[in-house]
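J.: To be precise about what I am sending: the file is called input38.cif and holds mmCIF, C-alpha atoms.
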data_model
#
loop_
_atom_site.label_atom_id
_atom_site.label_comp_id
_atom_site.auth_asym_id
_atom_site.auth_seq_id
_atom_site.Cartn_x
_atom_site.Cartn_y
_atom_site.Cartn_z
CA GLN A 1 123.21 106.48 104.79
CA VAL A 2 121.77 103.77 107.02
CA ARG A 3 118.59 102.18 105.72
CA LEU A 4 116.57 99.27 107.08
CA VAL A 5 113.82 97.62 105.05
CA GLU A 6 111.37 95.18 106.61
CA SER A 7 109.44 92.71 104.48
CA GLY A 8 107.59 89.42 104.68
CA GLY A 9 104.42 90.47 106.44
CA GLY A 10 100.98 89.47 105.32
CA LEU A 11 97.68 87.90 106.25
CA VAL A 12 97.79 84.47 107.83
CA GLN A 13 95.38 82.28 109.76
CA ALA A 14 95.91 81.55 113.42
CA GLY A 15 98.42 78.76 113.82
CA GLY A 16 100.24 79.72 110.66
CA SER A 17 103.76 81.00 110.08
CA LEU A 18 105.53 83.95 108.52
CA ARG A 19 109.16 84.91 108.17
CA LEU A 20 110.00 88.59 108.36
CA SER A 21 113.20 90.02 106.93
CA CYS A 22 115.11 93.14 107.85
CA ALA A 23 117.62 94.07 105.19
CA ALA A 24 120.21 96.71 105.97
CA SER A 25 122.27 99.01 103.77
CA GLY A 26 124.84 101.60 104.71
CA ILE A 27 125.82 99.63 107.78
CA ILE A 28 127.60 96.42 108.63
CA PHE A 29 124.75 94.60 110.31
CA SER A 30 126.86 91.78 111.69
CA ILE A 31 128.49 94.00 114.33
CA ARG A 32 125.21 95.45 115.57
CA THR A 33 122.53 94.37 117.96
CA VAL A 34 119.23 94.24 116.12
CA ASP A 35 115.79 94.32 117.71
CA TRP A 36 112.34 93.55 116.42
CA TYR A 37 109.45 95.58 117.81
CA ARG A 38 105.76 95.56 117.01
CA GLN A 39 102.97 98.07 117.32
CA ALA A 40 99.30 97.20 117.29
CA PRO A 41 96.66 99.88 116.60
CA GLY A 42 96.18 102.13 119.61
CA ARG A 43 99.03 100.54 121.53
CA GLN A 44 102.63 101.43 122.27
CA ARG A 45 105.50 99.82 120.43
CA ASP A 46 106.50 96.62 122.20
CA PHE A 47 109.79 94.74 122.20
CA VAL A 48 109.64 91.34 120.50
CA ALA A 49 113.15 89.95 120.10
CA ARG A 50 116.83 90.84 120.03
CA ILE A 51 119.94 89.35 118.49
CA THR A 52 123.40 90.56 119.44
CA SER A 53 126.50 90.67 117.29
CA GLY A 54 127.60 87.47 118.98
CA GLY A 55 124.35 85.71 118.18
CA SER A 56 122.79 85.81 121.64
CA THR A 57 119.03 86.14 121.57
CA ILE A 58 116.33 87.50 123.86
CA TYR A 59 112.57 87.21 123.45
CA SER A 60 109.56 88.77 125.06
CA ASP A 61 107.52 86.34 127.12
CA SER A 62 104.63 86.68 124.70
CA VAL A 63 106.57 85.20 121.79
CA LYS A 64 109.10 82.93 123.52
CA GLY A 65 108.98 79.45 122.07
CA ARG A 66 107.09 80.58 118.97
CA PHE A 67 109.37 83.16 117.34
CA THR A 68 113.02 82.81 116.37
CA ILE A 69 115.36 85.66 115.49
CA SER A 70 118.39 84.93 113.34
CA ARG A 71 120.85 86.69 111.11
CA ASP A 72 122.54 86.07 107.77
CA ASN A 73 125.66 88.18 107.91
CA PRO A 74 126.71 87.82 104.23
CA LYS A 75 123.25 89.04 103.25
CA ASN A 76 123.29 91.81 105.89
CA THR A 77 119.84 90.64 106.94
CA VAL A 78 118.09 89.70 110.17
CA TYR A 79 115.06 87.41 110.18
CA LEU A 80 112.14 86.82 112.49
CA GLN A 81 110.57 83.39 112.02
CA MET A 82 107.10 83.46 113.51
CA ASN A 83 105.30 80.18 114.13
CA SER A 84 102.02 79.31 115.83
CA LEU A 85 100.76 82.80 115.16
CA LYS A 86 97.89 84.15 117.21
CA PRO A 87 95.43 86.98 116.50
CA GLU A 88 97.14 88.99 119.24
CA ASP A 89 100.33 88.96 117.16
CA THR A 90 98.63 91.28 114.69
CA ALA A 91 100.72 94.46 114.44
CA VAL A 92 103.17 96.39 112.34
CA TYR A 93 106.60 94.88 112.90
CA TYR A 94 109.74 97.00 112.85
CA CYS A 95 113.41 96.18 113.08
CA ASN A 96 115.75 98.57 114.85
CA THR A 97 119.46 99.04 115.35
CA LYS A 98 121.59 101.70 116.95
CA VAL A 99 124.76 103.32 115.73
CA GLY A 100 126.16 105.43 118.52
CA ALA A 101 123.39 107.75 119.68
CA ALA A 102 121.36 107.28 116.51
CA SER A 103 118.51 104.77 116.27
CA TYR A 104 117.33 103.40 112.94
CA SER A 105 114.13 101.61 111.97
CA GLY A 106 112.46 100.79 108.72
CA GLN A 107 108.94 101.54 107.56
CA GLY A 108 107.58 98.38 109.12
CA THR A 109 105.72 95.41 107.72
CA GLN A 110 102.11 94.57 108.56
CA VAL A 111 101.29 91.19 110.06
CA THR A 112 97.62 90.28 110.35
CA VAL A 113 96.56 87.02 111.98
CA SER A 114 92.95 86.00 111.50
CA SER A 115 91.11 83.77 113.96
#
Please lay out the structure from this file as structure tokens.
T.:
Amino acid sequence: QVRLVESGGGLVQAGGSLRLSCAASGIIFSIRTVDWYRQAPGRQRDFVARITSGGSTIYSDSVKGRFTISRDNPKNTVYLQMNSLKPEDTAVYYCNTKVGAASYSGQGTQVTVSS
């Protein structure tokens, strides 16, 4: 059974940093592309960042230069380092991966950035 668990969210002041973790079980994470998404209240879920099995990364324009996605294959975990946080980064953050036609996400972790 595939399970993803996000953690690391919290309340931080603008300009601060947080590191989110996405821990996987039931799947070999290292061979999968993993995405981070976020969803603010009343808004659709937006793409944030992607890391491929080969380590290539893609970022949304809104976080480029501030966020870094990385992976620790022995720990079966993907991270999202978030620096220079802004109030508009406030959202629930989810990680996602696909296995064939199936898509898996965790329960999300809340990030709140105060001004």
J.: Counting only C-alpha atoms, which residue out of A:Asp89, A:Glu6, A:Asp46, A:Asp61 sits closest to Ala23 (chain A)?
T.: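 The answer is A:Glu6, which sits nearest to Ala23 (chain A).
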J.: Please compute the CA of Gly8 (chain A)-CA of Ile69 (chain A) distance, one decimal, in Å.
T.: 13.8 Å
J.: Write out as number ranges by chain each polymer residue whose atoms come within 8 Å of Ile51 (chain A), counting all atoms listed in the file; drop sequence neighbours fewer than 4 positions from it.
T.: A: 33-35, 55-58, 69-71
J.: In Å to one decimal, how far is CA of Ser60 (chain A) from CA of Asn83 (chain A)?
T.: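 Pair CA of Asn83 (chain A) / CA of Ser60 (chain A) returns 14.5 Å.
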J.: Please return as a PyMOL selection string every residue within 9 Å of (107.0, 99.3, 117.7), taking into account all atoms listed in the file and the file's own coordinates.
T.: chain A and resi 36-40+43-48+91-95+108
J.: When distances are computed from only C-alpha atoms, which of A:Thr77, A:Thr90, A:Asn96, A:Ser105 shows the smallest separation from Gly10 (chain A)?
T.: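 Answer, going by the shortest atom-to-atom distance: A:Thr90.
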J.: Counting all atoms listed in the file, figure out which residue out of A:Ser7, A:Ser17, A:Ser30, A:Thr68 gets nearest to Thr97 (chain A).
T.: A:Ser30
J.: Taking only C-alpha atoms into account, which of A:Met82, A:Val63, A:Leu11, A:Val99 comes nearest Ile28 (chain A)?
T.: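 Smallest separation from Ile28 (chain A) among the options: A:Val99.
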J.: Kindly indicate which residue among A:Ile27, A:Ser62, A:Gly16, A:Leu80 lies nearest to Ser114 (chain A), using all atoms listed in the file for the distances.
T.: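 The closest residue to Ser114 (chain A) is A:Gly16.
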